[in-house]
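Just my_file.pdb here, PDB, C-alpha atoms:
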```pdb
ATOM      1  CA  MET A   1    -240.650 -51.193  28.506
ATOM      2  CA  VAL A   2    -239.228 -48.314  30.583
ATOM      3  CA  GLU A   3    -236.401 -50.437  31.830
ATOM      4  CA  SER A   4    -235.598 -51.562  28.335
ATOM      5  CA  ALA A   5    -235.479 -47.957  27.060
ATOM      6  CA  ALA A   6    -233.332 -46.850  29.929
ATOM      7  CA  SER A   7    -230.886 -49.586  29.226
ATOM      8  CA  VAL A   8    -230.413 -48.243  25.701
ATOM      9  CA  SER A   9    -230.575 -44.447  26.103
ATOM     10  CA  GLY A  10    -229.403 -43.955  29.670
ATOM     11  CA  SER A  11    -226.098 -42.721  31.003
ATOM     12  CA  GLY A  12    -224.446 -46.076  30.537
ATOM     13  CA  THR A  13    -224.492 -47.110  34.169
ATOM     14  CA  HIS A  14    -226.858 -49.902  33.319
ATOM     15  CA  LYS A  15    -225.877 -52.362  30.590
ATOM     16  CA  SER A  16    -227.777 -55.173  29.035
ATOM     17  CA  LYS A  17    -226.414 -58.608  29.460
ATOM     18  CA  SER A  18    -224.255 -59.962  26.642
ATOM     19  CA  PRO A  19    -224.353 -63.576  25.592
ATOM     20  CA  PRO A  20    -221.870 -65.766  27.423
ATOM     21  CA  LYS A  21    -218.456 -66.223  25.766
ATOM     22  CA  PRO A  22    -217.155 -69.678  25.127
ATOM     23  CA  SER A  23    -214.585 -70.833  27.636
ATOM     24  CA  LYS A  24    -212.055 -71.726  24.955
ATOM     25  CA  SER A  25    -211.577 -70.400  21.416
ATOM     26  CA  PRO A  26    -211.396 -72.950  18.635
ATOM     27  CA  PRO A  27    -207.861 -73.943  17.675
ATOM     28  CA  THR A  28    -206.319 -71.850  14.871
ATOM     29  CA  SER A  29    -203.376 -72.525  12.631
ATOM     30  CA  PRO A  30    -200.145 -70.631  13.475
ATOM     31  CA  ARG A  31    -199.875 -67.150  11.996
ATOM     32  CA  PRO A  32    -197.593 -67.311   8.919
ATOM     33  CA  GLU A  33    -194.781 -64.855   8.304
ATOM     34  CA  ILE A  34    -195.697 -62.392   5.592
ATOM     35  CA  SER A  35    -194.480 -59.066   4.346
ATOM     36  CA  TRP A  36    -196.314 -55.910   5.419
ATOM     37  CA  PRO A  37    -198.462 -54.099   4.582
ATOM     38  CA  VAL A  38    -200.943 -56.537   3.130
ATOM     39  CA  ASN A  39    -204.511 -56.125   1.936
ATOM     40  CA  ARG A  40    -206.295 -57.253   5.067
ATOM     41  CA  PRO A  41    -209.611 -55.884   6.337
ATOM     42  CA  PRO A  42    -209.348 -53.254   9.138
ATOM     43  CA  ASP A  43    -211.352 -55.349  11.647
ATOM     44  CA  GLN A  44    -209.626 -58.128  13.524
ATOM     45  CA  GLY A  45    -211.403 -61.156  12.184
ATOM     46  CA  PRO A  46    -210.271 -64.749  12.456
ATOM     47  CA  TRP A  47    -206.891 -65.478  10.858
ATOM     48  CA  THR A  48    -207.096 -66.808   7.317
ATOM     49  CA  PRO A  49    -203.886 -68.618   6.340
ATOM     50  CA  ARG A  50    -205.171 -69.432   2.884
ATOM     51  CA  LEU A  51    -205.865 -65.756   2.100
ATOM     52  CA  ASP A  52    -202.434 -64.694   3.307
ATOM     53  CA  ALA A  53    -200.740 -67.487   1.388
ATOM     54  CA  ALA A  54    -202.502 -66.275  -1.744
ATOM     55  CA  LEU A  55    -201.373 -62.702  -1.042
ATOM     56  CA  ARG A  56    -197.779 -63.824  -0.592
ATOM     57  CA  ALA A  57    -197.920 -65.770  -3.838
ATOM     58  CA  ARG A  58    -199.315 -62.734  -5.648
ATOM     59  CA  GLU A  59    -196.553 -60.508  -4.233
ATOM     60  CA  ALA A  60    -193.871 -62.977  -5.287
ATOM     61  CA  SER A  61    -195.359 -63.217  -8.769
ATOM     62  CA  THR A  62    -195.482 -59.425  -9.083
ATOM     63  CA  LEU A  63    -191.849 -59.045  -8.037
ATOM     64  CA  GLN A  64    -190.769 -61.848 -10.317
ATOM     65  CA  HIS A  65    -192.386 -60.201 -13.323
ATOM     66  CA  ALA A  66    -191.396 -56.649 -12.360
ATOM     67  CA  SER A  67    -187.691 -57.255 -11.639
ATOM     68  CA  PRO A  68    -186.566 -57.953 -15.213
ATOM     69  CA  ASN A  69    -188.258 -54.733 -16.322
ATOM     70  CA  ALA A  70    -186.824 -52.652 -13.488
ATOM     71  CA  VAL A  71    -183.437 -52.537 -15.290
ATOM     72  CA  ALA A  72    -183.265 -52.440 -19.068
ATOM     73  CA  LYS A  73    -181.638 -55.410 -20.748
ATOM     74  CA  GLU A  74    -178.955 -53.211 -22.292
ATOM     75  CA  PHE A  75    -177.441 -52.738 -18.812
ATOM     76  CA  TYR A  76    -176.954 -56.478 -18.274
ATOM     77  CA  ALA A  77    -173.700 -58.318 -18.995
ATOM     78  CA  ASP A  78    -174.416 -58.890 -22.679
ATOM     79  CA  GLY A  79    -175.983 -55.461 -23.311
ATOM     80  CA  ARG A  80    -174.464 -52.531 -25.158
ATOM     81  CA  ARG A  81    -174.485 -50.521 -21.926
ATOM     82  CA  SER A  82    -173.442 -53.376 -19.688
ATOM     83  CA  LEU A  83    -172.540 -51.942 -16.295
ATOM     84  CA  ALA A  84    -170.215 -54.883 -15.715
ATOM     85  CA  GLY A  85    -168.540 -54.303 -19.077
ATOM     86  CA  ILE A  86    -168.075 -50.587 -18.414
ATOM     87  CA  ALA A  87    -166.690 -51.218 -14.922
ATOM     88  CA  LEU A  88    -164.264 -53.874 -16.191
ATOM     89  CA  ARG A  89    -162.901 -51.667 -18.981
ATOM     90  CA  ALA A  90    -162.511 -48.674 -16.684
ATOM     91  CA  PHE A  91    -160.760 -50.865 -14.110
ATOM     92  CA  LEU A  92    -158.329 -52.332 -16.657
ATOM     93  CA  LEU A  93    -157.582 -48.887 -18.093
ATOM     94  CA  GLY A  94    -156.876 -47.610 -14.580
ATOM     95  CA  ILE A  95    -154.538 -50.515 -13.829
ATOM     96  CA  THR A  96    -152.743 -50.045 -17.156
ATOM     97  CA  LEU A  97    -152.413 -46.310 -16.529
ATOM     98  CA  GLY A  98    -151.015 -46.731 -13.020
ATOM     99  CA  VAL A  99    -148.518 -49.466 -13.921
ATOM    100  CA  SER A 100    -147.416 -47.600 -17.058
ATOM    101  CA  ILE A 101    -146.815 -44.329 -15.190
ATOM    102  CA  ILE A 102    -144.684 -46.069 -12.579
ATOM    103  CA  THR A 103    -142.736 -47.993 -15.241
ATOM    104  CA  THR A 104    -142.150 -44.845 -17.307
ATOM    105  CA  LEU A 105    -140.810 -42.912 -14.310
ATOM    106  CA  LEU A 106    -138.525 -45.758 -13.238
ATOM    107  CA  LEU A 107    -137.046 -46.154 -16.723
ATOM    108  CA  LEU A 108    -136.551 -42.399 -17.004
ATOM    109  CA  TYR A 109    -134.799 -42.398 -13.651
ATOM    110  CA  TYR A 110    -132.328 -44.997 -14.920
ATOM    111  CA  ASN A 111    -131.998 -43.186 -18.280
ATOM    112  CA  ASN A 112    -133.360 -46.187 -20.178
ATOM    113  CA  ASN A 113    -134.736 -45.549 -23.674
ATOM    114  CA  PHE A 114    -137.492 -48.101 -23.143
ATOM    115  CA  TRP A 115    -139.503 -45.487 -21.194
ATOM    116  CA  ARG A 116    -141.206 -44.581 -24.470
ATOM    117  CA  ALA A 117    -143.155 -47.838 -24.705
ATOM    118  CA  PRO A 118    -144.981 -47.557 -21.334
ATOM    119  CA  PHE A 119    -145.464 -43.825 -21.972
ATOM    120  CA  PHE A 120    -147.400 -44.737 -25.107
ATOM    121  CA  LEU A 121    -149.672 -46.901 -22.949
ATOM    122  CA  VAL A 122    -150.157 -43.921 -20.607
ATOM    123  CA  ALA A 123    -151.335 -41.741 -23.497
ATOM    124  CA  LEU A 124    -153.618 -44.471 -24.842
ATOM    125  CA  SER A 125    -155.150 -45.210 -21.430
ATOM    126  CA  ILE A 126    -155.969 -41.548 -20.806
ATOM    127  CA  PHE A 127    -157.390 -41.112 -24.302
ATOM    128  CA  HIS A 128    -159.714 -44.124 -24.175
ATOM    129  CA  PHE A 129    -160.900 -43.387 -20.655
ATOM    130  CA  LEU A 130    -161.701 -39.761 -21.523
ATOM    131  CA  GLU A 131    -163.592 -40.877 -24.630
ATOM    132  CA  PHE A 132    -166.075 -42.749 -22.456
ATOM    133  CA  TRP A 133    -166.072 -40.373 -19.491
ATOM    134  CA  THR A 134    -166.749 -37.303 -21.625
ATOM    135  CA  THR A 135    -169.526 -39.090 -23.496
ATOM    136  CA  ALA A 136    -171.102 -40.426 -20.294
ATOM    137  CA  THR A 137    -170.947 -36.988 -18.657
ATOM    138  CA  TYR A 138    -172.100 -34.691 -21.469
ATOM    139  CA  ASN A 139    -173.823 -37.022 -23.937
ATOM    140  CA  VAL A 140    -175.586 -39.607 -21.785
ATOM    141  CA  PRO A 141    -177.927 -41.033 -24.482
ATOM    142  CA  SER A 142    -174.920 -42.053 -26.607
ATOM    143  CA  ALA A 143    -172.839 -43.570 -23.802
ATOM    144  CA  THR A 144    -172.228 -47.273 -24.462
ATOM    145  CA  ILE A 145    -169.374 -49.729 -24.080
ATOM    146  CA  ASN A 146    -168.233 -48.747 -27.571
ATOM    147  CA  SER A 147    -167.705 -45.174 -26.355
ATOM    148  CA  PHE A 148    -164.332 -46.301 -24.988
ATOM    149  CA  LEU A 149    -163.273 -46.745 -28.656
ATOM    150  CA  LEU A 150    -161.202 -49.771 -27.644
ATOM    151  CA  THR A 151    -162.578 -51.684 -30.616
ATOM    152  CA  ASN A 152    -162.176 -48.883 -33.116
ATOM    153  CA  GLY A 153    -161.509 -51.090 -36.129
ATOM    154  CA  GLN A 154    -158.629 -53.372 -37.067
ATOM    155  CA  ARG A 155    -156.613 -50.637 -38.778
ATOM    156  CA  TYR A 156    -156.719 -48.524 -35.639
ATOM    157  CA  GLN A 157    -155.421 -51.418 -33.543
ATOM    158  CA  GLN A 158    -152.816 -52.345 -36.132
ATOM    159  CA  ALA A 159    -151.471 -48.790 -36.273
ATOM    160  CA  HIS A 160    -150.952 -48.636 -32.508
ATOM    161  CA  THR A 161    -149.403 -52.103 -32.463
ATOM    162  CA  VAL A 162    -146.903 -51.155 -35.173
ATOM    163  CA  ALA A 163    -146.035 -47.927 -33.338
ATOM    164  CA  PHE A 164    -145.492 -49.816 -30.084
ATOM    165  CA  LEU A 165    -143.263 -52.395 -31.764
ATOM    166  CA  GLU A 166    -141.280 -49.730 -33.618
ATOM    167  CA  THR A 167    -140.338 -47.891 -30.450
ATOM    168  CA  LEU A 168    -139.346 -51.173 -28.776
ATOM    169  CA  ILE A 169    -137.165 -52.220 -31.726
ATOM    170  CA  THR A 170    -135.549 -48.796 -32.031
ATOM    171  CA  SER A 171    -134.902 -48.563 -28.290
ATOM    172  CA  TYR A 172    -133.256 -51.984 -28.238
ATOM    173  CA  PHE A 173    -131.225 -52.002 -31.452
ATOM    174  CA  PHE A 174    -130.602 -48.283 -32.101
ATOM    175  CA  PRO A 175    -130.682 -46.443 -28.756
ATOM    176  CA  ASP A 176    -127.972 -43.923 -29.673
ATOM    177  CA  TRP A 177    -129.583 -43.080 -33.005
ATOM    178  CA  GLN A 178    -132.961 -42.746 -31.298
ATOM    179  CA  SER A 179    -131.538 -40.294 -28.771
ATOM    180  CA  ARG A 180    -130.014 -38.156 -31.535
ATOM    181  CA  ILE A 181    -133.189 -37.835 -33.601
ATOM    182  CA  ASN A 182    -135.411 -37.539 -30.539
ATOM    183  CA  PRO A 183    -133.748 -35.103 -28.129
ATOM    184  CA  PHE A 184    -135.463 -33.561 -25.137
ATOM    185  CA  SER A 185    -136.581 -30.488 -27.112
ATOM    186  CA  VAL A 186    -138.378 -32.667 -29.686
ATOM    187  CA  ILE A 187    -139.973 -34.716 -26.918
ATOM    188  CA  LEU A 188    -141.362 -31.504 -25.394
ATOM    189  CA  ILE A 189    -142.883 -30.568 -28.754
ATOM    190  CA  GLY A 190    -144.541 -33.984 -28.941
ATOM    191  CA  LEU A 191    -145.871 -33.633 -25.388
ATOM    192  CA  GLY A 192    -147.335 -30.254 -26.287
ATOM    193  CA  MET A 193    -149.067 -31.760 -29.308
ATOM    194  CA  ILE A 194    -150.518 -34.554 -27.161
ATOM    195  CA  ILE A 195    -151.792 -32.207 -24.457
ATOM    196  CA  ILE A 196    -153.305 -29.727 -26.916
ATOM    197  CA  GLY A 197    -154.844 -32.452 -29.068
ATOM    198  CA  GLN A 198    -156.357 -34.321 -26.115
ATOM    199  CA  SER A 199    -157.646 -31.142 -24.468
ATOM    200  CA  VAL A 200    -159.244 -29.799 -27.648
ATOM    201  CA  ARG A 201    -160.945 -33.108 -28.404
ATOM    202  CA  SER A 202    -162.353 -33.597 -24.893
ATOM    203  CA  VAL A 203    -163.526 -29.984 -24.575
ATOM    204  CA  ALA A 204    -165.114 -30.130 -28.035
ATOM    205  CA  MET A 205    -167.040 -33.284 -27.103
ATOM    206  CA  ALA A 206    -168.244 -31.616 -23.912
ATOM    207  CA  GLN A 207    -169.310 -28.404 -25.675
ATOM    208  CA  ALA A 208    -171.168 -30.321 -28.394
ATOM    209  CA  GLY A 209    -173.014 -32.430 -25.822
ATOM    210  CA  THR A 210    -175.719 -34.561 -27.385
ATOM    211  CA  ASN A 211    -174.886 -33.116 -30.811
ATOM    212  CA  PHE A 212    -171.644 -35.131 -30.862
ATOM    213  CA  ASN A 213    -171.557 -38.677 -32.160
ATOM    214  CA  HIS A 214    -168.699 -41.074 -32.854
ATOM    215  CA  GLN A 215    -170.499 -42.175 -36.025
ATOM    216  CA  VAL A 216    -171.446 -39.943 -38.948
ATOM    217  CA  GLN A 217    -175.221 -39.468 -38.885
ATOM    218  CA  SER A 218    -177.091 -39.669 -42.191
ATOM    219  CA  LYS A 219    -180.378 -38.522 -40.632
ATOM    220  CA  ARG A 220    -180.985 -35.522 -38.438
ATOM    221  CA  ASN A 221    -181.997 -36.610 -34.967
ATOM    222  CA  GLU A 222    -184.594 -34.769 -32.926
ATOM    223  CA  GLY A 223    -182.936 -31.917 -31.053
ATOM    224  CA  HIS A 224    -179.804 -31.945 -33.224
ATOM    225  CA  GLU A 225    -178.422 -28.401 -33.310
ATOM    226  CA  LEU A 226    -175.530 -26.745 -35.118
ATOM    227  CA  VAL A 227    -172.933 -25.811 -32.492
ATOM    228  CA  THR A 228    -171.090 -22.603 -33.408
ATOM    229  CA  THR A 229    -169.857 -21.410 -30.009
ATOM    230  CA  GLY A 230    -166.832 -22.222 -27.876
ATOM    231  CA  LEU A 231    -164.132 -24.056 -29.808
ATOM    232  CA  TYR A 232    -166.570 -24.460 -32.694
ATOM    233  CA  ALA A 233    -166.404 -20.721 -33.325
ATOM    234  CA  TRP A 234    -162.858 -21.173 -34.659
ATOM    235  CA  LEU A 235    -162.550 -24.896 -35.415
ATOM    236  CA  ARG A 236    -165.126 -26.512 -37.666
ATOM    237  CA  HIS A 237    -164.268 -30.039 -36.521
ATOM    238  CA  PRO A 238    -162.321 -29.632 -33.256
ATOM    239  CA  ALA A 239    -162.652 -33.307 -32.278
ATOM    240  CA  TYR A 240    -160.967 -34.335 -35.539
ATOM    241  CA  PHE A 241    -158.349 -31.626 -35.109
ATOM    242  CA  GLY A 242    -157.630 -32.919 -31.602
ATOM    243  CA  PHE A 243    -157.238 -36.553 -32.582
ATOM    244  CA  PHE A 244    -155.070 -35.744 -35.614
ATOM    245  CA  TRP A 245    -152.494 -33.752 -33.640
ATOM    246  CA  TRP A 246    -152.731 -36.073 -30.625
ATOM    247  CA  GLY A 247    -151.852 -39.056 -32.837
ATOM    248  CA  LEU A 248    -148.898 -37.299 -34.441
ATOM    249  CA  GLY A 249    -147.721 -36.050 -31.047
ATOM    250  CA  THR A 250    -147.494 -39.591 -29.670
ATOM    251  CA  GLN A 251    -145.171 -40.595 -32.509
ATOM    252  CA  VAL A 252    -142.998 -37.522 -32.009
ATOM    253  CA  VAL A 253    -142.513 -38.442 -28.335
ATOM    254  CA  LEU A 254    -141.766 -42.070 -29.249
ATOM    255  CA  GLY A 255    -139.276 -41.053 -31.896
ATOM    256  CA  ASN A 256    -141.018 -43.243 -34.499
ATOM    257  CA  ILE A 257    -140.148 -42.058 -38.003
ATOM    258  CA  VAL A 258    -141.968 -44.813 -39.895
ATOM    259  CA  SER A 259    -145.095 -44.638 -37.726
ATOM    260  CA  PHE A 260    -145.103 -40.832 -37.778
ATOM    261  CA  LEU A 261    -145.245 -40.851 -41.579
ATOM    262  CA  GLY A 262    -147.826 -43.641 -41.516
ATOM    263  CA  TYR A 263    -150.013 -41.857 -38.962
ATOM    264  CA  ALA A 264    -149.808 -38.592 -40.902
ATOM    265  CA  GLY A 265    -150.837 -40.216 -44.180
ATOM    266  CA  VAL A 266    -153.571 -42.471 -42.809
ATOM    267  CA  LEU A 267    -155.114 -39.868 -40.500
ATOM    268  CA  TRP A 268    -155.097 -37.178 -43.184
ATOM    269  CA  TYR A 269    -156.756 -39.502 -45.702
ATOM    270  CA  PHE A 270    -159.308 -40.702 -43.150
ATOM    271  CA  PHE A 271    -160.347 -37.241 -41.957
ATOM    272  CA  SER A 272    -160.322 -35.778 -45.465
ATOM    273  CA  ARG A 273    -162.869 -38.343 -46.625
ATOM    274  CA  ARG A 274    -164.867 -38.285 -43.398
ATOM    275  CA  ILE A 275    -165.200 -34.496 -43.313
ATOM    276  CA  THR A 276    -166.283 -34.384 -46.962
ATOM    277  CA  HIS A 277    -168.870 -37.092 -46.326
ATOM    278  CA  GLU A 278    -170.102 -35.595 -43.055
ATOM    279  CA  GLU A 279    -170.456 -32.075 -44.392
ATOM    280  CA  LYS A 280    -172.749 -33.258 -47.185
ATOM    281  CA  HIS A 281    -175.169 -34.410 -44.511
ATOM    282  CA  LEU A 282    -174.680 -31.249 -42.435
ATOM    283  CA  VAL A 283    -175.569 -29.075 -45.431
ATOM    284  CA  SER A 284    -178.729 -31.127 -45.922
ATOM    285  CA  PHE A 285    -179.542 -30.769 -42.200
ATOM    286  CA  PHE A 286    -178.887 -27.047 -41.757
ATOM    287  CA  GLY A 287    -178.775 -25.621 -45.296
ATOM    288  CA  ASP A 288    -177.423 -22.096 -45.722
ATOM    289  CA  GLU A 289    -176.713 -21.843 -41.999
ATOM    290  CA  TYR A 290    -174.011 -24.500 -42.277
ATOM    291  CA  VAL A 291    -172.691 -23.127 -45.576
ATOM    292  CA  ALA A 292    -172.152 -19.735 -43.925
ATOM    293  CA  TYR A 293    -170.575 -21.393 -40.889
ATOM    294  CA  ARG A 294    -168.197 -23.376 -43.116
ATOM    295  CA  THR A 295    -166.991 -20.253 -44.930
ATOM    296  CA  ARG A 296    -165.908 -18.517 -41.701
ATOM    297  CA  THR A 297    -164.189 -21.472 -39.995
ATOM    298  CA  ARG A 298    -161.298 -23.809 -40.689
ATOM    299  CA  VAL A 299    -160.399 -27.400 -39.832
ATOM    300  CA  TRP A 300    -156.717 -26.654 -39.139
ATOM    301  CA  ILE A 301    -155.565 -29.985 -40.517
ATOM    302  CA  PRO A 302    -153.049 -29.399 -43.348
ATOM    303  CA  PHE A 303    -154.599 -29.228 -46.824
ATOM    304  CA  ILE A 304    -158.151 -29.765 -45.545
ATOM    305  CA  ARG A 305    -160.190 -26.614 -45.999
TER     306      ARG A 305
END
```
This structure in structure tokens:
Amino acid sequence: MVESAASVSGSGTHKSKSPPKPSKSPPTSPRPEISWPVNRPPDQGPWTPRLDAALRAREASTLQHASPNAVAKEFYADGRRSLAGIALRAFLLGITLGVSIITTLLLLYYNNNFWRAPFFLVALSIFHFLEFWTTATYNVPSATINSFLLTNGQRYQQAHTVAFLETLITSYFFPDWQSRINPFSVILIGLGMIIIGQSVRSVAMAQAGTNFNHQVQSKRNEGHELVTTGLYAWLRHPAYFGFFWWGLGTQVVLGNIVSFLGYAGVLWYFFSRRITHEEKHLVSFFGDEYVAYRTRTRVWIPFIR
């Protein structure tokens, strides 16, 4: 009994005999490759291939079900915020812009009246790119493929097509007449209108932030505020002001008489109706606050108060 107690509570110099170990361990299956960490017990027990196979299957199943939810469907190729669609449109606009700038400069160098056609593509490329970029930067919730405004209705596309064809026809058949009605001084005026119009529209979109929308809203969204600072302190609808004078400026630079008159009439009619319709909703949203704001500001589009 003393010896037995000493063997347990002594200094450790005397150890009880352990049972003999087998000469050879039983054969085990090869250790499978798995991803770490895994839910294995902390002690080093015998390898269990079936357990690890089940763990790997569960991991694969979890990833398979989690991956489609990791990225919203609207960011896929057929979604309204398709990353591929946005990248493709931005790429094509960049290519069009670069080629058009080079072509415009070359034609100007050789004093060729056809420089106006590629210049029009320069203005359009910058406009459509800035429409998306400004929205994506300052109004992220509203940024979609449609924010490029490339598919802005058939009439919009028809108007630009007619303007493009008019400047080509005039440059080819009536170059001398085009130069007389569209001298350098007039071209500078048109360039000024384009720069001012584009700048005002882009800055207005940035200052409005999430309060700006390409579509007239019939219901007040959560967080929608009446913006009365910055450009909005003087211009009641600066984005409309910008597009109106930008559109007319492009036709002045191109020397398009027919399209200039057409743009003026169509844009005035469009914005006159849109502003009237939009302001009915804004009065219902903000009441007397918007009425007071409307009395102290102007649109600065002719004959639209």
Do you have the CA of Ala233 (chain A)-CA of Asn211 (chain A) distance handy?
->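 Separation between CA of Ala233 (chain A) and CA of Asn211 (chain A): 15.2 Å.
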Could you state which residues are captured by the PyMOL selection byres ((chain A and resi 217) around 12) in this file, as a ChimeraX atom specification?
-> /A:211-216,218-221,224,274,277-282,284-285
Pairwise distance, CA of Arg294 (chain A) with CA of Ala204 (chain A), equals 16.8 Å
May I ask which of the residues A:Ala77, A:Leu97, A:Ala117, A:Ala208 is the closest one to Thr170 (chain A), counting only C-alpha atoms?
->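 Of A:Ala77, A:Leu97, A:Ala117, A:Ala208, the one nearest Thr170 (chain A) is A:Ala117, counting only C-alpha atoms.
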I need the residue set behind the PyMOL selection byres ((chain A and resi 127) around 10) for this file; please write it as a list in words.
-> Leu93, Leu121, Val122, Ala123, Leu124, Ser125, Ile126, His128, Phe129, Leu130, Glu131, Phe132, Trp133, Phe148, Leu149, Ile194, Gln198, Ser199, Arg201, Ser202, Phe243 and Trp246 of chain A
Among A:Tyr293, A:Gly249, A:Pro302, A:Ser185, Phe271 (chain A) is approached most closely, using only C-alpha atoms, by A:Pro302
Each side padded by 4 Å, which centre and which edge lengths in Å (one decimal) define the axis-aligned box around the listed atoms of region 196-201 of chain A? Give them as JSON.
```
{"center_x": -157.1, "center_y": -32.0, "center_z": -26.8, "size_x": 15.6, "size_y": 12.6, "size_z": 12.6}
```
Polymer residues at most 10 Å from region 113-115 of chain A, only C-alpha atoms, same-chain spacing of 2 or more positions, as an MDAnalysis selection string | chainID A and resid 100:101 103:111 117:120 167:172 174:176 178:179 254
Can you give me, as a list in words, the residues this file yields under the PyMOL selection byres ((chain A and resi 237) around 10)?
->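 For this structure, the PyMOL selection byres ((chain A and resi 237) around 10) resolves to Arg201, Ala204, Leu231, Tyr232, Trp234, Leu235, Arg236, Pro238, Ala239, Tyr240, Phe241, Gly242, Phe271, Ile275, Thr297, Arg298, Val299, Trp300 and Ile301 of chain A.
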What would the file look like if the residues just selected were written as a PDB file, in the frame of the given file with C-alpha atoms?
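Contents of out22.pdb, freshly written:
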```pdb
ATOM      1  CA  ARG A 201    -160.945 -33.108 -28.404  1.00  0.00           C
ATOM      2  CA  ALA A 204    -165.114 -30.130 -28.035  1.00  0.00           C
ATOM      3  CA  LEU A 231    -164.132 -24.056 -29.808  1.00  0.00           C
ATOM      4  CA  TYR A 232    -166.570 -24.460 -32.694  1.00  0.00           C
ATOM      5  CA  TRP A 234    -162.858 -21.173 -34.659  1.00  0.00           C
ATOM      6  CA  LEU A 235    -162.550 -24.896 -35.415  1.00  0.00           C
ATOM      7  CA  ARG A 236    -165.126 -26.512 -37.666  1.00  0.00           C
ATOM      8  CA  PRO A 238    -162.321 -29.632 -33.256  1.00  0.00           C
ATOM      9  CA  ALA A 239    -162.652 -33.307 -32.278  1.00  0.00           C
ATOM     10  CA  TYR A 240    -160.967 -34.335 -35.539  1.00  0.00           C
ATOM     11  CA  PHE A 241    -158.349 -31.626 -35.109  1.00  0.00           C
ATOM     12  CA  GLY A 242    -157.630 -32.919 -31.602  1.00  0.00           C
ATOM     13  CA  PHE A 271    -160.347 -37.241 -41.957  1.00  0.00           C
ATOM     14  CA  ILE A 275    -165.200 -34.496 -43.313  1.00  0.00           C
ATOM     15  CA  THR A 297    -164.189 -21.472 -39.995  1.00  0.00           C
ATOM     16  CA  ARG A 298    -161.298 -23.809 -40.689  1.00  0.00           C
ATOM     17  CA  VAL A 299    -160.399 -27.400 -39.832  1.00  0.00           C
ATOM     18  CA  TRP A 300    -156.717 -26.654 -39.139  1.00  0.00           C
ATOM     19  CA  ILE A 301    -155.565 -29.985 -40.517  1.00  0.00           C
TER      20      ILE A 301
END
```
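Interatomic distance, CA of Ile195 (chain A) to CA of Gly255 (chain A): 17.0 Å.
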Between A:Gly197, A:Gly223, A:Gly287, A:Gly262, which one has atoms that come closest to Gln158 (chain A), using only C-alpha atoms?
->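 Residue with the minimum atom-to-atom distance to Gln158 (chain A): A:Gly262.
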Rank nothing, just name the residue among A:Gln251, A:Thr144, A:Thr228, A:Gln207 nearest to Phe75 (chain A), using only C-alpha atoms.
-> A:Thr144
Check the smallest atom-to-atom distance from each of A:Leu165, A:Phe260, A:Ala136, A:Ile145 to Gly190 (chain A) using all atoms listed in the file, then report the winner.
-> A:Phe260
Return the single residue from A:Asn139, A:Asn146, A:Thr229, A:Thr250 that is closest to Gly79 (chain A), with distances computed using all atoms listed in the file.
->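 Closest candidate: A:Asn146.
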Missing atoms in region 260-268 of chain A: fill them in up to N, CA, C and O atoms and send the result as a short mmCIF file (atom, residue, chain, number, x, y, z; two decimals), in the coordinates of the input.
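See selection30.cif below for the written result:
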```cif
data_model
loop_
_atom_site.label_atom_id
_atom_site.label_comp_id
_atom_site.auth_asym_id
_atom_site.auth_seq_id
_atom_site.Cartn_x
_atom_site.Cartn_y
_atom_site.Cartn_z
N PHE A 260 -144.70 -42.23 -37.63
CA PHE A 260 -145.10 -40.83 -37.78
C PHE A 260 -145.60 -40.58 -39.20
O PHE A 260 -146.67 -39.98 -39.39
N LEU A 261 -144.83 -41.03 -40.19
CA LEU A 261 -145.24 -40.85 -41.58
C LEU A 261 -146.53 -41.63 -41.86
O LEU A 261 -147.43 -41.14 -42.57
N GLY A 262 -146.62 -42.84 -41.31
CA GLY A 262 -147.83 -43.64 -41.52
C GLY A 262 -149.05 -43.01 -40.88
O GLY A 262 -150.13 -42.94 -41.49
N TYR A 263 -148.90 -42.52 -39.64
CA TYR A 263 -150.01 -41.86 -38.96
C TYR A 263 -150.46 -40.63 -39.74
O TYR A 263 -151.66 -40.38 -39.91
N ALA A 264 -149.48 -39.83 -40.19
CA ALA A 264 -149.81 -38.59 -40.90
C ALA A 264 -150.61 -38.89 -42.16
O ALA A 264 -151.64 -38.24 -42.42
N GLY A 265 -150.15 -39.88 -42.94
CA GLY A 265 -150.84 -40.22 -44.18
C GLY A 265 -152.21 -40.82 -43.95
O GLY A 265 -153.21 -40.40 -44.56
N VAL A 266 -152.30 -41.78 -43.05
CA VAL A 266 -153.57 -42.47 -42.81
C VAL A 266 -154.59 -41.54 -42.18
O VAL A 266 -155.77 -41.51 -42.58
N LEU A 267 -154.18 -40.77 -41.17
CA LEU A 267 -155.11 -39.87 -40.50
C LEU A 267 -155.59 -38.77 -41.44
O LEU A 267 -156.78 -38.41 -41.43
N TRP A 268 -154.68 -38.22 -42.25
CA TRP A 268 -155.10 -37.18 -43.18
C TRP A 268 -156.11 -37.73 -44.18
O TRP A 268 -157.15 -37.10 -44.44
#
```
